[in-house]
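In what follows, a single structure is set out as structure tokens and then discussed.
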Amino acid sequence: MRRWHASVLRSGPHRSIRNYGPRRRITSTGAITNETRPRPDPFALVAPQLSRIRDQFVQLLGSAHPGLDDIAKYYFLRPSKQLRPLLILLFSQATNGLGKHWPVKKWASGQARPGGRAEDLDCSLSRSDVLNDWNPRIPGKTNPFNSGFSLHPPEPHSSTSQIPNSNFTTPTCSLVSPPSILPAQERLAQIVEMVHAASLLHDDVIDESPLRRGTASAPEAFGNKLSVLGGNFILGRASTALARLGDPEATELIASVIANLVEGEILQMQEVHSVEQGTAASPSVVKNAWTIYLQKTYMKTASLMAKGARAAVVLGGCVEGEVYREVAYAYGRNLGIAFQLVDDILDYESADDALGKPGGADLQLGLTTGPALYAWEECPELGPLIHRKFNQQGDVELARKLVRKSSGVQRTRDLALAYANQARKVLEPLPDSDAKAALEALTERVIKRKS
């Protein structure tokens, strides 16, 4: 799939906290209406945290094996949009203080315990000489392999302070002021980006992609084997960091994303049933193709955004039955699908994209996306091309021509607008805040991006 730069989302004048122009809302027809409230810049609002997250990746991914060390850091050392960490941080600010268990989470954030102080998030839950997860960048908290191991009395390896016997369950029912992000939530933002980077390493091997963000992809630079192993290594480090957050539900949410990514890749390879040349696609065939496409889109793109945002709210103390968890998941799901629909549109809108790759990259991979599915309803001759995954000479060029002459691109854009507006609408239960306004503004930026 086509990738895009952070500069697209960050385009426009930056001010330290707010962009004091009229806020515009995208309607279901694509029209833009003006509102008078100031609109915060989503990235500027949490810029210090995003910068800190990026700086700490190298420490988290350190390896004693030079080749593995290089491949693990390869995508992190290049410009990144950081959209997934952004969602974690904004939802943390938009909901911290609202949950029933916020007092417990706030207290724990100052303790030497799992999910507690920032300086303790790298401490192992098991003895480090048992884990042997050697990271030369944090030598005080990891142990290298030792050829011998003798049984010896266990020693305390971490502090596990107990929650005081007092009433921590009285809800505050109001956002904390000034806005707060817990260390565990900031670490979660790193974890979701690690999972995303691992998926890119694996995707580039499967897709045989020579380029990533305008430079050589990891498989091109290091080979397929090391790229796969590097992705697995990152997932291992992410899983370890996830366990140390000390929250079973957050762990379950992010672990399920890894399974979703694999299922989405399998769905992407699934054949679309076609019809004979010149015969219109039946409604049932088209419906089945759309179901597969949207499910794949959720699993490969939206799942990490939706479940990551929900996990952030869980780490902030919101419990089952509180609407803010549902808001976070629904927003991430809708925004993620809108994001991918726009990504699929861009494959048809120019002969060359901003990263120097030829247009029609999805078609060249044999992928049938939204614009082609809509065009198929108007152009029956697309059916056989879709069925054989555009693998014959001239198929890609013909498919792009047919899609462009149809209303497929515009109908896909309308669908993306509908998902973006739904993402904005589900934010209504949140109290007004800069973080909420930034999440609203983000729906517009995702729709309006050009690369």
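Residues in the structure tokens are numbered from 1 in each chain, the chains being A, B, ... in the order shown, and ligands are numbered from 1 in the order shown.
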
Tell me, as a PyMOL selection string, which residues lie within 9 Å of A:Thr297, counting only C-alpha atoms; anything in the same chain fewer than 4 positions away does not count. chain A and resi 264+268+292-293+301-303+336-337+340-341

Quick one: contact table of stretch 295-385 of chain A to stretch 106-130 of chain A, 12 Å max, nearest atom pair and distance in Å to one decimal per residue, counting only C-alpha atoms, chain and number order, as a tab-separated table?
```
residue	atom	partner	partner_atom	distance
A:Leu315	CA	A:Gly115	CA	8.7
A:Gly316	CA	A:Lys106	CA	8.0
A:Gly317	CA	A:Lys106	CA	8.6
```

Serialized selection, N, CA and C atoms, as a compact mmCIF listing (two decimals), in the first residue's frame:
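Saved file out_27.txt follows:
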```txt
# COMPACT_ATOMS: atom_id res chain seq x y z
N LEU A 315 -5.88 2.45 30.16
CA LEU A 315 -4.75 2.77 31.02
C LEU A 315 -5.00 4.04 31.84
N GLY A 316 -5.93 4.87 31.39
CA GLY A 316 -6.29 6.07 32.14
C GLY A 316 -7.35 5.83 33.19
N GLY A 317 -7.79 4.58 33.37
CA GLY A 317 -8.70 4.27 34.46
C GLY A 317 -10.15 4.15 34.09
```

Which residues in stretch 27-116 of chain A does DSSP call strand (DSSP E or B)? List them as number ranges by chain. A: 32-35, 39-40

Counting only C-alpha atoms, the residue among A:Trp290, A:Glu444, A:Ala435, A:Pro178 that lies closest to A:Trp376 is A:Trp290

Could you pull the residues within 12 Å of A:Lys225, counting only C-alpha atoms, minus those fewer than 2 positions along the same chain, as an NGL selection string? :A and (67-68 or 71 or 201-202 or 204-206 or 218-223 or 227-232)

Residues of stretch 100-236 of chain A classed as alpha helix (DSSP H) by DSSP on the backbone are to be reported as a VMD selection string. chain A and resid 102 to 108 128 to 131 183 to 207 218 to 222 224 to 236

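From atom CA of A:Lys450 back to atom CA of A:Leu346, the distance works out to 7.2 Å.
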
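Reported to one decimal place, the separation of atom CA of A:Ala423 from atom CA of A:Tyr331 is 4.5 Å.
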
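Within 8 Å of A:Met194, once only C-alpha atoms are used and residues closer than 6 positions along the same chain are dropped, the contacting residues are Ile234, Leu235 and Ala238 of chain A.
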
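Taking atom CA of A:Leu439 and atom CA of A:Thr369 as endpoints, the distance between them is 26.7 Å.
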
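If you count only C-alpha atoms and ignore residues fewer than 2 places along the chain from A:Val426, what sits within 8 Å of it is Val327, Ala330, Tyr331, Gln422, Ala423, Arg424, Glu428 and Pro429 of chain A.
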
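Minimum distance to A:His101 across A:Glu320, A:Glu265, A:Asp203, A:Asp55 (counting only C-alpha atoms) occurs at A:Glu320.
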
Excluding stretch 392-399 of chain A and any residue of its chain fewer than 2 positions from it, enumerate the residues within 9 Å of it, using only C-alpha atoms, and give them as a PyMOL selection string. chain A and resi 360+363-364+366+372+382+385-386+388-390+401-404

Write a file of the just-selected residues containing C-alpha atoms, as a PDB file, in the first residue's frame.
```
ATOM      1  CA  GLY A 360      -1.159   2.052  -9.923  1.00  0.00           C
ATOM      2  CA  LEU A 363      -2.934  -2.740  -9.129  1.00  0.00           C
ATOM      3  CA  GLN A 364       0.600  -3.933  -9.780  1.00  0.00           C
ATOM      4  CA  GLY A 366      -2.924  -7.441  -7.776  1.00  0.00           C
ATOM      5  CA  ALA A 372     -11.989  -0.431  -8.728  1.00  0.00           C
ATOM      6  CA  LEU A 382     -13.137  -4.923 -15.237  1.00  0.00           C
ATOM      7  CA  LEU A 385      -9.023  -8.242 -14.782  1.00  0.00           C
ATOM      8  CA  ILE A 386      -9.976  -8.256 -11.116  1.00  0.00           C
ATOM      9  CA  ARG A 388      -6.823 -12.597 -12.518  1.00  0.00           C
ATOM     10  CA  LYS A 389      -5.362  -9.872 -10.248  1.00  0.00           C
ATOM     11  CA  PHE A 390      -4.255  -7.669 -13.182  1.00  0.00           C
ATOM     12  CA  LYS A 401      -8.209   3.921 -17.470  1.00  0.00           C
ATOM     13  CA  LEU A 402     -11.540   2.267 -16.686  1.00  0.00           C
ATOM     14  CA  VAL A 403     -11.509   3.426 -13.076  1.00  0.00           C
ATOM     15  CA  ARG A 404     -10.677   7.002 -14.053  1.00  0.00           C
TER      16      ARG A 404
END
```
